[in-house]
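Here is the file input39.txt (compact mmCIF, C-alpha atoms).
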```txt
# COMPACT_ATOMS: atom_id res chain seq x y z
CA MET A 282 6.61 7.18 -27.26
CA SER A 283 7.20 4.27 -29.60
CA ASP A 284 4.82 1.45 -30.49
CA LEU A 285 6.96 -1.07 -28.65
CA LYS A 286 5.56 -2.67 -25.54
CA ARG A 287 6.98 -0.84 -22.55
CA ALA A 288 8.41 -2.31 -19.38
CA VAL A 289 9.55 -0.86 -16.10
CA VAL A 290 12.59 -2.85 -14.99
CA LEU A 291 13.67 -2.68 -11.36
CA LEU A 292 17.44 -2.33 -11.40
CA SER A 293 19.52 -2.66 -8.26
CA GLY A 294 22.96 -2.68 -9.81
CA GLY A 295 23.36 -6.35 -8.95
CA LEU A 296 23.79 -9.39 -11.14
CA ASP A 297 20.18 -10.55 -11.05
CA SER A 298 18.48 -7.30 -12.02
CA ALA A 299 21.04 -6.67 -14.79
CA THR A 300 20.05 -10.05 -16.18
CA ALA A 301 16.34 -9.24 -15.85
CA LEU A 302 16.94 -6.05 -17.86
CA ALA A 303 18.66 -8.04 -20.60
CA VAL A 304 15.75 -10.50 -20.69
CA ALA A 305 13.20 -7.65 -20.97
CA ALA A 306 15.13 -6.09 -23.84
CA ASP A 307 15.50 -9.50 -25.49
CA GLN A 308 11.71 -10.00 -25.23
CA GLY A 309 11.26 -6.81 -27.27
CA PHE A 310 10.26 -4.37 -24.55
CA GLU A 311 11.18 -0.71 -24.58
CA CYS A 312 12.88 -0.71 -21.18
CA HIS A 313 12.56 1.98 -18.53
CA ALA A 314 14.87 1.14 -15.66
CA MET A 315 14.07 2.22 -12.13
CA ALA A 316 16.52 2.15 -9.26
CA VAL A 317 15.36 2.80 -5.74
CA ASP A 318 17.70 4.56 -3.36
CA TYR A 319 16.40 3.27 -0.07
CA GLY A 320 19.31 4.37 2.05
CA GLN A 321 21.28 1.19 1.43
CA ARG A 322 24.80 1.34 2.73
CA HIS A 323 26.23 0.25 -0.61
CA ASP A 324 25.87 3.34 -2.80
CA ALA A 325 28.13 1.52 -5.25
CA GLU A 326 24.94 -0.31 -6.28
CA LEU A 327 23.35 2.86 -7.62
CA GLU A 328 26.48 3.76 -9.55
CA ALA A 329 26.41 0.25 -11.02
CA ALA A 330 22.73 0.67 -11.94
CA ARG A 331 23.66 3.82 -13.88
CA ARG A 332 26.35 2.00 -15.82
CA ILE A 333 24.17 -1.04 -16.55
CA ALA A 334 21.22 1.04 -17.78
CA GLY A 335 23.57 3.16 -19.90
CA ARG A 336 25.12 0.10 -21.50
CA ALA A 337 21.64 -1.31 -22.25
CA GLY A 338 20.47 2.00 -23.74
CA ALA A 339 17.63 2.23 -21.19
CA ASN A 340 16.85 5.45 -19.37
CA LEU A 341 17.15 5.24 -15.61
CA LYS A 342 14.83 6.77 -13.05
CA ILE A 343 16.14 6.93 -9.50
CA VAL A 344 13.56 7.26 -6.73
CA SER A 345 14.55 7.92 -3.16
CA VAL A 346 12.74 6.42 -0.21
CA ASP A 347 14.12 6.59 3.26
CA LEU A 348 13.75 3.03 4.50
CA ARG A 349 16.34 3.86 7.17
CA ALA A 350 13.58 5.76 8.91
CA ILE A 351 11.78 2.43 9.30
CA GLY A 352 14.83 0.39 10.29
CA GLY A 353 14.96 -3.31 10.99
CA SER A 354 17.64 -4.62 8.62
CA ALA A 355 21.41 -5.09 8.54
CA LEU A 356 21.48 -3.50 5.09
CA THR A 357 20.19 -0.15 6.27
CA ASP A 358 21.01 -0.16 9.98
CA ASP A 359 24.24 -0.65 11.84
CA ILE A 360 23.82 -4.38 12.44
CA GLU A 361 26.93 -6.25 11.29
CA VAL A 362 26.64 -7.95 7.89
CA PRO A 363 27.21 -11.69 8.42
CA GLU A 364 30.23 -13.28 6.77
CA GLY A 365 31.30 -16.84 6.06
CA GLU A 366 29.81 -20.18 7.09
CA GLY A 367 27.15 -20.01 9.72
CA GLY A 368 26.32 -16.56 8.47
CA ASP A 369 23.25 -15.55 6.60
CA VAL A 370 22.80 -18.34 4.07
CA GLY A 371 20.63 -21.23 5.11
CA GLU A 372 17.64 -21.55 7.34
CA GLY A 373 15.03 -19.00 8.26
CA ILE A 374 14.78 -15.38 7.31
CA PRO A 375 18.15 -13.63 7.03
CA VAL A 376 18.97 -10.56 9.15
CA THR A 377 19.79 -8.76 5.89
CA TYR A 378 16.07 -8.87 5.09
CA VAL A 379 14.73 -5.34 4.54
CA PRO A 380 11.15 -5.04 5.85
CA ALA A 381 8.67 -5.01 2.99
CA ARG A 382 11.45 -4.17 0.55
CA ASN A 383 10.06 -5.83 -2.56
CA THR A 384 6.59 -4.53 -1.75
CA VAL A 385 7.98 -0.99 -1.61
CA LEU A 386 10.03 -1.50 -4.79
CA LEU A 387 7.10 -2.98 -6.70
CA SER A 388 4.78 -0.21 -5.46
CA LEU A 389 7.08 2.45 -6.82
CA ALA A 390 7.48 0.53 -10.07
CA LEU A 391 3.69 0.28 -10.23
CA GLY A 392 3.38 4.07 -9.99
CA TYR A 393 5.95 4.55 -12.71
CA ALA A 394 4.30 1.88 -14.86
CA GLU A 395 1.00 3.75 -14.57
CA VAL A 396 2.57 7.02 -15.67
CA LEU A 397 4.31 5.32 -18.61
CA GLU A 398 1.26 3.17 -19.43
CA ALA A 399 3.66 0.24 -19.33
CA ASP A 400 2.65 -3.33 -20.10
CA ALA A 401 4.95 -5.06 -17.66
CA ILE A 402 7.17 -4.72 -14.62
CA PHE A 403 10.31 -6.86 -14.53
CA ILE A 404 11.87 -7.76 -11.20
CA GLY A 405 14.87 -10.04 -10.79
CA VAL A 406 13.64 -11.90 -7.72
CA ASN A 407 14.85 -15.41 -7.24
CA ALA A 408 13.33 -18.10 -5.09
CA VAL A 409 16.32 -20.45 -5.24
CA ASP A 410 19.13 -18.55 -3.50
CA TYR A 411 16.79 -16.36 -1.49
CA SER A 412 14.29 -18.87 -0.23
CA GLY A 413 14.43 -17.23 3.19
CA TYR A 414 12.88 -14.01 1.91
CA PRO A 415 9.07 -14.16 1.96
CA ASP A 416 8.79 -11.56 -0.78
CA CYS A 417 10.82 -13.54 -3.32
CA ARG A 418 8.32 -16.40 -3.58
CA PRO A 419 6.06 -17.05 -6.58
CA GLU A 420 2.92 -16.85 -4.40
CA TYR A 421 3.98 -13.41 -3.23
CA ILE A 422 4.46 -12.24 -6.82
CA ALA A 423 1.05 -13.64 -7.77
CA ALA A 424 -0.51 -11.66 -4.91
CA PHE A 425 1.18 -8.47 -6.11
CA GLN A 426 -0.06 -9.15 -9.63
CA ALA A 427 -3.61 -9.38 -8.27
CA LEU A 428 -3.12 -6.18 -6.31
CA ALA A 429 -1.74 -4.32 -9.35
CA GLN A 430 -4.82 -5.22 -11.34
CA LEU A 431 -7.07 -3.64 -8.68
CA ALA A 432 -4.80 -0.73 -7.78
CA THR A 433 -4.48 1.06 -11.06
CA LYS A 434 -6.41 3.18 -13.49
CA ALA A 435 -5.27 0.85 -16.29
CA GLY A 436 -6.45 -2.22 -14.39
CA VAL A 437 -9.82 -0.65 -13.62
CA GLU A 438 -10.21 0.33 -17.25
CA GLY A 439 -9.57 -3.25 -18.35
CA GLY A 440 -5.87 -3.07 -19.12
CA ALA A 441 -3.35 -5.53 -17.82
CA LEU A 442 0.01 -5.01 -16.22
CA GLU A 443 2.10 -8.11 -15.92
CA ILE A 444 4.67 -8.69 -13.20
CA ARG A 445 7.43 -10.70 -14.85
CA THR A 446 10.03 -12.60 -12.87
CA PRO A 447 12.21 -14.31 -15.47
CA LEU A 448 14.78 -15.49 -12.91
CA ILE A 449 12.50 -16.80 -10.21
CA ASP A 450 13.20 -20.50 -10.78
CA LEU A 451 16.83 -20.27 -11.93
CA THR A 452 19.95 -21.11 -9.97
CA LYS A 453 22.65 -18.46 -9.80
CA ALA A 454 24.67 -20.43 -12.37
CA GLU A 455 21.69 -20.54 -14.74
CA ILE A 456 21.14 -16.80 -14.32
CA ILE A 457 24.79 -16.15 -15.19
CA GLN A 458 24.60 -18.43 -18.22
CA LEU A 459 21.41 -16.71 -19.41
CA GLY A 460 22.84 -13.22 -18.98
CA THR A 461 26.10 -14.17 -20.64
CA ARG A 462 24.17 -15.45 -23.68
CA LEU A 463 22.34 -12.09 -23.77
CA GLY A 464 25.57 -10.12 -23.58
CA VAL A 465 25.39 -8.81 -20.01
CA ASP A 466 28.73 -7.41 -18.84
CA TYR A 467 28.81 -8.66 -15.27
CA SER A 468 31.93 -6.64 -14.49
CA LEU A 469 29.57 -3.65 -14.31
CA THR A 470 27.41 -5.23 -11.62
CA VAL A 471 27.87 -5.04 -7.87
CA SER A 472 26.38 -7.72 -5.62
CA CYS A 473 28.47 -7.21 -2.50
CA TYR A 474 26.67 -6.12 0.67
CA GLN A 475 29.70 -4.00 1.62
CA ALA A 476 31.34 -2.98 -1.65
CA ASP A 477 33.88 -0.18 -1.36
CA SER A 478 33.31 3.23 -2.93
CA ALA A 479 34.94 2.05 -6.17
CA GLY A 480 32.41 -0.79 -6.35
CA ARG A 481 34.93 -3.51 -5.44
CA ALA A 482 33.49 -6.55 -3.68
CA CYS A 483 34.57 -7.91 -0.29
CA GLY A 484 34.45 -11.50 -1.50
CA LYS A 485 33.29 -12.64 1.94
CA CYS A 486 29.68 -11.67 2.56
CA ASP A 487 26.85 -14.04 1.69
CA SER A 488 26.05 -12.21 -1.51
CA CYS A 489 29.69 -12.46 -2.67
CA ARG A 490 29.86 -16.15 -1.78
CA ILE A 491 26.69 -17.01 -3.69
CA ARG A 492 27.86 -15.00 -6.69
CA LYS A 493 31.36 -16.49 -6.71
CA GLN A 494 29.97 -20.01 -6.54
CA GLY A 495 27.55 -19.13 -9.36
CA PHE A 496 30.38 -18.31 -11.75
CA ILE A 497 32.19 -21.52 -10.76
CA ASP A 498 29.06 -23.63 -11.29
CA ALA A 499 28.32 -21.87 -14.60
CA GLY A 500 31.83 -22.56 -15.85
CA ILE A 501 32.20 -18.89 -16.71
CA GLU A 502 35.14 -16.74 -15.69
CA ASP A 503 34.28 -14.43 -12.79
CA PRO A 504 34.80 -10.79 -13.87
CA THR A 505 33.97 -9.42 -10.41
CA ARG A 506 36.39 -6.79 -9.17
CA TYR A 507 37.41 -7.82 -5.66
CA ALA A 508 39.01 -5.43 -3.17
CA MET B 213 7.04 -2.28 24.47
CA SER B 214 3.73 -2.69 26.24
CA ASP B 215 1.31 -5.60 26.10
CA LEU B 216 -1.25 -3.58 24.16
CA LYS B 217 -1.97 -4.56 20.61
CA ARG B 218 0.01 -2.28 18.34
CA ALA B 219 -1.17 -0.49 15.23
CA VAL B 220 0.56 1.53 12.56
CA VAL B 221 -1.79 4.36 11.59
CA LEU B 222 -1.23 6.18 8.31
CA LEU B 223 -1.67 9.86 9.06
CA SER B 224 -1.87 12.46 6.32
CA GLY B 225 -2.86 15.44 8.39
CA GLY B 226 -6.33 15.40 6.87
CA LEU B 227 -9.72 14.85 8.44
CA ASP B 228 -10.09 11.18 7.50
CA SER B 229 -6.78 9.90 8.82
CA ALA B 230 -7.15 11.90 12.05
CA THR B 231 -10.45 10.09 12.54
CA ALA B 232 -8.86 6.72 11.74
CA LEU B 233 -6.25 7.41 14.44
CA ALA B 234 -8.98 8.19 16.96
CA VAL B 235 -10.76 4.94 16.06
CA ALA B 236 -7.56 2.92 16.47
CA ALA B 237 -6.93 4.44 19.89
CA ASP B 238 -10.58 3.88 20.84
CA GLN B 239 -10.24 0.21 19.86
CA GLY B 240 -7.42 -0.11 22.39
CA PHE B 241 -4.41 -0.10 20.10
CA GLU B 242 -1.06 1.40 21.03
CA CYS B 243 -0.84 3.72 18.05
CA HIS B 244 2.27 4.41 15.99
CA ALA B 245 1.47 7.08 13.45
CA MET B 246 3.28 7.23 10.13
CA ALA B 247 3.20 10.16 7.76
CA VAL B 248 4.67 9.87 4.31
CA ASP B 249 6.29 12.90 2.79
CA TYR B 250 5.86 12.09 -0.89
CA GLY B 251 6.71 15.52 -2.23
CA GLN B 252 3.14 16.76 -1.92
CA ARG B 253 2.77 20.45 -2.55
CA HIS B 254 0.87 20.96 0.68
CA ASP B 255 3.54 20.69 3.36
CA ALA B 256 0.92 22.05 5.73
CA GLU B 257 -0.38 18.47 5.81
CA LEU B 258 2.78 17.19 7.49
CA GLU B 259 2.68 19.96 10.05
CA ALA B 260 -0.94 19.02 10.74
CA ALA B 261 0.06 15.35 11.09
CA ARG B 262 2.58 16.37 13.76
CA ARG B 263 -0.05 18.27 15.71
CA ILE B 264 -2.66 15.50 15.43
CA ALA B 265 -0.26 12.76 16.54
CA GLY B 266 0.95 14.94 19.40
CA ARG B 267 -2.60 15.59 20.59
CA ALA B 268 -3.37 11.85 20.45
CA GLY B 269 -0.19 10.97 22.35
CA ALA B 270 1.04 8.80 19.46
CA ASN B 271 4.60 8.95 18.25
CA LEU B 272 4.97 9.98 14.61
CA LYS B 273 7.36 8.51 12.08
CA ILE B 274 7.84 10.54 8.91
CA VAL B 275 9.14 8.68 5.88
CA SER B 276 10.19 10.48 2.73
CA VAL B 277 9.63 9.07 -0.72
CA ASP B 278 10.10 11.16 -3.79
CA LEU B 279 6.95 10.46 -5.79
CA ARG B 280 7.67 13.65 -7.75
CA ALA B 281 10.37 11.66 -9.51
CA ILE B 282 7.58 9.46 -10.88
CA GLY B 283 5.17 12.25 -11.74
CA GLY B 284 1.69 11.89 -13.15
CA SER B 285 -0.53 13.79 -10.68
CA ALA B 286 -1.77 17.31 -10.06
CA LEU B 287 -0.82 16.93 -6.41
CA THR B 288 2.88 16.48 -7.08
CA ASP B 289 3.31 18.03 -10.53
CA ASP B 290 2.50 21.43 -11.87
CA ILE B 291 -0.91 20.51 -13.27
CA GLU B 292 -3.54 22.96 -12.02
CA VAL B 293 -5.69 21.71 -9.13
CA PRO B 294 -9.32 21.74 -10.29
CA GLU B 295 -11.72 24.07 -8.51
CA GLY B 296 -15.49 24.38 -8.34
CA GLU B 297 -18.26 22.62 -10.24
CA GLY B 298 -17.15 20.55 -13.19
CA GLY B 299 -13.81 20.10 -11.46
CA ASP B 300 -12.54 16.92 -10.00
CA VAL B 301 -15.56 15.50 -8.20
CA GLY B 302 -17.73 13.14 -10.13
CA GLU B 303 -17.09 10.59 -12.82
CA GLY B 304 -13.95 8.71 -13.67
CA ILE B 305 -10.55 8.91 -12.09
CA PRO B 306 -9.59 12.40 -10.91
CA VAL B 307 -6.46 14.14 -12.16
CA THR B 308 -5.45 14.55 -8.52
CA TYR B 309 -4.93 10.79 -8.42
CA VAL B 310 -1.33 10.01 -7.37
CA PRO B 311 -0.09 6.88 -9.18
CA ALA B 312 -0.06 3.90 -6.84
CA ARG B 313 -0.22 6.23 -3.85
CA ASN B 314 -2.06 3.97 -1.42
CA THR B 315 0.05 1.01 -2.52
CA VAL B 316 3.20 2.96 -1.70
CA LEU B 317 1.75 4.22 1.61
CA LEU B 318 0.60 0.75 2.65
CA SER B 319 3.95 -0.78 1.63
CA LEU B 320 5.82 1.63 3.88
CA ALA B 321 3.34 1.01 6.68
CA LEU B 322 3.85 -2.72 6.14
CA GLY B 323 7.61 -2.33 6.63
CA TYR B 324 7.07 -0.32 9.79
CA ALA B 325 4.48 -2.82 11.03
CA GLU B 326 7.00 -5.62 10.58
CA VAL B 327 9.65 -3.78 12.57
CA LEU B 328 7.15 -3.00 15.35
CA GLU B 329 5.57 -6.45 15.18
CA ALA B 330 2.27 -4.63 14.90
CA ASP B 331 -1.09 -6.36 14.74
CA ALA B 332 -2.82 -3.93 12.42
CA ILE B 333 -2.44 -1.11 9.95
CA PHE B 334 -5.12 1.58 9.95
CA ILE B 335 -5.73 3.61 6.81
CA GLY B 336 -8.48 6.22 6.44
CA VAL B 337 -9.50 5.35 2.90
CA ASN B 338 -13.04 6.02 1.94
CA ALA B 339 -14.97 4.54 -0.95
CA VAL B 340 -17.87 7.00 -0.77
CA ASP B 341 -16.34 10.38 -1.57
CA TYR B 342 -13.40 8.92 -3.46
CA SER B 343 -15.08 6.32 -5.60
CA GLY B 344 -12.95 7.44 -8.55
CA TYR B 345 -9.75 6.23 -6.91
CA PRO B 346 -9.12 2.54 -7.66
CA ASP B 347 -7.00 2.15 -4.53
CA CYS B 348 -9.77 3.24 -2.15
CA ARG B 349 -12.07 0.31 -2.90
CA PRO B 350 -12.74 -2.61 -0.51
CA GLU B 351 -11.54 -5.15 -3.10
CA TYR B 352 -8.23 -3.31 -3.35
CA ILE B 353 -7.81 -3.38 0.43
CA ALA B 354 -8.62 -7.10 0.47
CA ALA B 355 -5.91 -7.68 -2.14
CA PHE B 356 -3.39 -5.76 -0.04
CA GLN B 357 -4.38 -7.79 3.00
CA ALA B 358 -3.66 -10.98 1.04
CA LEU B 359 -0.34 -9.56 -0.10
CA ALA B 360 0.66 -8.54 3.42
CA GLN B 361 0.08 -12.08 4.65
CA LEU B 362 2.51 -13.43 2.04
CA ALA B 363 5.01 -10.58 2.14
CA THR B 364 6.13 -10.63 5.70
CA LYS B 365 8.14 -12.64 8.16
CA ALA B 366 5.20 -12.51 10.57
CA GLY B 367 2.78 -13.77 7.91
CA VAL B 368 5.11 -16.60 6.92
CA GLU B 369 5.53 -17.55 10.56
CA GLY B 370 1.77 -17.75 11.00
CA GLY B 371 1.07 -14.31 12.41
CA ALA B 372 -1.60 -12.04 11.07
CA LEU B 373 -1.51 -8.38 10.20
CA GLU B 374 -4.87 -6.84 9.65
CA ILE B 375 -5.50 -3.89 7.33
CA ARG B 376 -8.30 -1.92 8.99
CA THR B 377 -10.30 0.70 7.12
CA PRO B 378 -12.84 1.98 9.65
CA LEU B 379 -14.07 4.78 7.37
CA ILE B 380 -14.41 2.92 4.12
CA ASP B 381 -18.22 2.86 4.01
CA LEU B 382 -18.92 6.15 5.78
CA THR B 383 -20.03 9.42 4.25
CA LYS B 384 -18.00 12.51 5.09
CA ALA B 385 -20.74 13.60 7.50
CA GLU B 386 -20.66 10.21 9.26
CA ILE B 387 -16.86 10.41 9.53
CA ILE B 388 -17.12 13.85 11.13
CA GLN B 389 -19.80 12.66 13.55
CA LEU B 390 -17.70 9.64 14.50
CA GLY B 391 -14.55 11.69 15.04
CA THR B 392 -16.40 14.33 17.01
CA ARG B 393 -17.77 11.62 19.35
CA LEU B 394 -14.17 10.40 19.81
CA GLY B 395 -12.90 13.89 20.59
CA VAL B 396 -11.00 14.67 17.38
CA ASP B 397 -10.12 18.36 17.12
CA TYR B 398 -10.74 18.96 13.43
CA SER B 399 -9.30 22.46 13.62
CA LEU B 400 -5.90 20.73 13.65
CA THR B 401 -6.53 18.93 10.37
CA VAL B 402 -5.81 20.18 6.86
CA SER B 403 -7.70 18.74 3.91
CA CYS B 404 -7.10 21.50 1.35
CA TYR B 405 -5.14 20.59 -1.79
CA GLN B 406 -3.56 24.04 -1.76
CA ALA B 407 -3.45 25.12 1.89
CA ASP B 408 -1.21 28.09 2.61
CA SER B 409 1.92 27.80 4.72
CA ALA B 410 -0.08 28.51 7.87
CA GLY B 411 -2.35 25.57 7.04
CA ARG B 412 -5.34 27.72 6.06
CA ALA B 413 -7.66 26.19 3.50
CA CYS B 414 -8.64 27.71 0.13
CA GLY B 415 -12.30 26.73 0.53
CA LYS B 416 -12.58 26.15 -3.23
CA CYS B 417 -10.79 22.95 -4.23
CA ASP B 418 -12.65 19.65 -4.37
CA SER B 419 -11.26 18.52 -1.06
CA CYS B 420 -12.42 21.74 0.63
CA ARG B 421 -15.87 21.49 -0.94
CA ILE B 422 -16.37 17.88 0.18
CA ARG B 423 -15.19 18.74 3.69
CA LYS B 424 -17.33 21.86 4.01
CA GLN B 425 -20.43 19.97 2.88
CA GLY B 426 -19.56 17.20 5.35
CA PHE B 427 -19.75 19.57 8.31
CA ILE B 428 -23.04 21.00 7.01
CA ASP B 429 -24.54 17.51 6.55
CA ALA B 430 -23.24 16.43 9.96
CA GLY B 431 -24.83 19.44 11.62
CA ILE B 432 -21.51 20.23 13.28
CA GLU B 433 -19.86 23.64 13.25
CA ASP B 434 -16.96 23.76 10.79
CA PRO B 435 -13.76 24.64 12.67
CA THR B 436 -11.67 24.80 9.48
CA ARG B 437 -9.41 27.82 9.22
CA TYR B 438 -10.03 29.34 5.81
CA ALA B 439 -7.62 31.81 4.17
```

Would you encode the structure as structure tokens?
Amino acid sequence: MSDLKRAVVLLSGGLDSATALAVAADQGFECHAMAVDYGQRHDAELEAARRIAGRAGANLKIVSVDLRAIGGSALTDDIEVPEGEGGDVGEGIPVTYVPARNTVLLSLALGYAEVLEADAIFIGVNAVDYSGYPDCRPEYIAAFQALAQLATKAGVEGGALEIRTPLIDLTKAEIIQLGTRLGVDYSLTVSCYQADSAGRACGKCDSCRIRKQGFIDAGIEDPTRYA
Amino acid sequence: MSDLKRAVVLLSGGLDSATALAVAADQGFECHAMAVDYGQRHDAELEAARRIAGRAGANLKIVSVDLRAIGGSALTDDIEVPEGEGGDVGEGIPVTYVPARNTVLLSLALGYAEVLEADAIFIGVNAVDYSGYPDCRPEYIAAFQALAQLATKAGVEGGALEIRTPLIDLTKAEIIQLGTRLGVDYSLTVSCYQADSAGRACGKCDSCRIRKQGFIDAGIEDPTRYA
């Protein structure tokens, strides 16, 4: 492998993680993307992850974990995805929350980072739009960083593995502006909770609404393909 | 669900986790066993987990995660499993180490615990025989406990989820004595790294050697079925 610092970048196929990948590459990391197929209903996400990694010249590892077996979320079960006002955005913890999702994603990334002897894991979590998710908060990330140091061969042997969250404090508009500066092609990304098989967005779910508003606030034309 | 405290118990099919399940039941928990199929070569383990959960009257959830896609361990790759003296027991981190394995297992248990609104997760880690594994140490478990508190709905809402490791300071002989007192049928368990399809142990790998010596030291007849 090269002398570059290496990073594992968690890639979902959405707007945020595509931006995180661009940031990692811009910071000089040799990027190894990892997508986790956790039985999400929107397979279009994984197809998008393939396209985004390909465009960035990063290899992509897809790991399957059957979170459906655990249940408990509208994204993997048959609970209806909320749409429109009074839906999922706002107070409390959304029903689209997947139990322990970021902990599972980061654990898998940690394993891959150990194998690659990587220096960092990038994850596109965001505490602004997703304040209702416990595992998107800075204190959660700090706890995972502490765990990673104790969990791994590299940590035990004195190495360090950094969990980087370049988007954590940004608004959706700021994320879009950052990614646009770094050349991210957002037409490749899929954020919709119920995208069709061609990756076209519904335009109605919470994720679509937040994304749409982000492009408006950023003053950047929205390249999203709507159904 | 009943008024009993609930516990998710990670069950591998081996001697340690079968004992941890018996301890959880003995402490009055309604036990929900979880086995993780991470592409291990010894499928006999999962079959053993089924039998052990069945005998204990616990339901068993099996979750698949493809750790083979990540690689890096003799237990999931094609690296030869070490046998005999000078093998895997002793100094440093063994080649049978699975990258981030306990972190992945605990993450999945954490998701299941959230769905069940469980009060505890039991894991049969042991720092005596497995001192070479970073993720079997008490400080690692404490870090996961801290993470769990921050990662979950229940934690955020003031609840507590305890990570219990009843075997962490016990020798193999002490574990066997404890389990025997609690009625564990160790003939159902499979510890061998390369058990045959009928679940019979090789008697030679490190795991077999530690187990065999444990029964000798405990002064308890070894019910293991050897090939």

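The protein and nucleic acid residues lying at most 7 Å from Asn340 of chain A are A:His313, A:Ala314, A:Ala334, with all atoms listed in the file considered and sequence neighbours fewer than 6 positions away removed.
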
Using all atoms listed in the file, find each residue of chain B with at least one atom at most 9 Å away from an atom of chain A; report its shortest atom-to-atom pair and that distance in Å (one decimal), sort the rows by chain and rising residue number, and return the result as a Markdown table.
```
| residue | atom | partner | partner_atom | distance |
| --- | --- | --- | --- | --- |
| B:Tyr250 | CA | A:Val346 | CA | 8.9 |
| B:Lys273 | CA | A:Ala350 | CA | 7.5 |
| B:Ile274 | CA | A:Ala350 | CA | 7.5 |
| B:Val275 | CA | A:Asp347 | CA | 6.0 |
| B:Ser276 | CA | A:Asp347 | CA | 5.6 |
| B:Val277 | CA | A:Val346 | CA | 4.1 |
| B:Asp278 | CA | A:Ser345 | CA | 5.5 |
| B:Leu279 | CA | A:Val344 | CA | 7.4 |
| B:Arg280 | CA | A:Val344 | CA | 8.8 |
| B:Ala281 | CA | A:Val344 | CA | 6.1 |
| B:Ile282 | CA | A:Tyr393 | CA | 5.5 |
| B:Gly283 | CA | A:Val396 | CA | 7.0 |
| B:Gly284 | CA | A:Val396 | CA | 5.6 |
| B:Ser285 | CA | A:Val396 | CA | 9.0 |
| B:Ile305 | CA | A:Lys434 | CA | 7.2 |
| B:Val310 | CA | A:Gly392 | CA | 8.0 |
| B:Pro311 | CA | A:Gly392 | CA | 4.5 |
| B:Ala312 | CA | A:Gly392 | CA | 4.7 |
| B:Arg313 | CA | A:Gly392 | CA | 7.4 |
| B:Asn314 | CA | A:Ala432 | CA | 8.4 |
| B:Thr315 | CA | A:Ser388 | CA | 5.7 |
| B:Val316 | CA | A:Ser388 | CA | 5.2 |
| B:Leu317 | CA | A:Val385 | CA | 8.7 |
| B:Leu318 | CA | A:Val385 | CA | 8.7 |
| B:Ser319 | CA | A:Val385 | CA | 5.2 |
| B:Leu320 | CA | A:Val385 | CA | 6.5 |
| B:Ala321 | CA | A:Ala381 | CA | 8.8 |
| B:Leu322 | CA | A:Ala381 | CA | 6.2 |
| B:Gly323 | CA | A:Pro380 | CA | 4.5 |
| B:Tyr324 | CA | A:Ile351 | CA | 5.5 |
| B:Ala325 | CA | A:Pro380 | CA | 8.7 |
| B:Glu326 | CA | A:Pro380 | CA | 6.3 |
| B:Val327 | CA | A:Gly353 | CA | 5.6 |
| B:Leu328 | CA | A:Gly353 | CA | 8.9 |
| B:Tyr345 | CA | A:Lys434 | CA | 8.0 |
| B:Pro346 | CA | A:Ala432 | CA | 5.4 |
| B:Asp347 | CA | A:Ala432 | CA | 4.9 |
| B:Cys348 | CA | A:Ala432 | CA | 8.5 |
| B:Arg349 | CA | A:Leu431 | CA | 8.6 |
| B:Glu351 | CA | A:Leu431 | CA | 7.3 |
| B:Tyr352 | CA | A:Leu431 | CA | 5.5 |
| B:Ile353 | CA | A:Leu428 | CA | 8.7 |
| B:Ala354 | CA | A:Leu428 | CA | 8.8 |
| B:Ala355 | CA | A:Leu428 | CA | 5.2 |
| B:Phe356 | CA | A:Leu428 | CA | 6.3 |
| B:Ala358 | CA | A:Ala424 | CA | 6.8 |
| B:Leu359 | CA | A:Ala424 | CA | 5.3 |
| B:Ala360 | CA | A:Ala381 | CA | 8.8 |
| B:Gln361 | CA | A:Tyr421 | CA | 8.9 |
| B:Leu362 | CA | A:Tyr421 | CA | 5.5 |
| B:Ala363 | CA | A:Asp416 | CA | 4.9 |
| B:Thr364 | CA | A:Pro415 | CA | 5.9 |
| B:Lys365 | CA | A:Pro415 | CA | 6.5 |
| B:Gly367 | CA | A:Pro415 | CA | 8.7 |
| B:Val368 | CA | A:Pro415 | CA | 6.8 |
```

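Put simply, atom CA of Cys312 of chain A is 8.7 Å away from atom CA of Lys286 of chain A.
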
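Picture a line from atom CA of Glu242 of chain B to atom CA of Leu227 of chain B; it runs 20.4 Å.
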
message = Counting only C-alpha atoms, which residue out of B:Ala332, B:Ala237, B:Ile428, B:Ala270 sits closest to Val220 of chain B?
response = B:Ala332

request  = Find the spatial neighbours of Gly415 of chain B, counting only C-alpha atoms, within a cut-off of 8 Å - ignore same-chain residues fewer than 6 positions away - and output them as a ChimeraX atom specification.
outcome  = /B:404,421,424,438-439

task = Find the spatial neighbours of Lys453 of chain A, counting only C-alpha atoms, within a cut-off of 9 Å - ignore same-chain residues fewer than 6 positions away - and output them as a VMD selection string.
result = chain A and resid 297 407 409 to 410 491 to 492 494 to 496 498 to 499

Shell around segment 375-378 of chain B at 6 Å using all atoms listed in the file, local window under 2 positions removed, as a count of residues only = 7

Two-atom distance - atom CA of Ala385 of chain B, atom CA of Ile432 of chain B (Å) = 8.8 Å

task = Identify, on the basis of only C-alpha atoms, every residue whose closest approach to Thr300 of chain A does not exceed 8 Å; exclude the query and any residue fewer than 2 positions from it along the same chain; express the result as number ranges by chain.
result = A: 296-298, 302-304, 405, 456-457, 459-460, 465

Find the smallest box with edges along x, y and z containing every listed atom of segment 441-457 of chain A, then add 6 Å on each side and report centre and edge lengths in Å to one decimal, as AutoDock Vina command-line options.
```
--center_x 10.7 --center_y -13.1 --center_z -13.8 --size_x 40.1 --size_y 28.1 --size_z 20.0
```
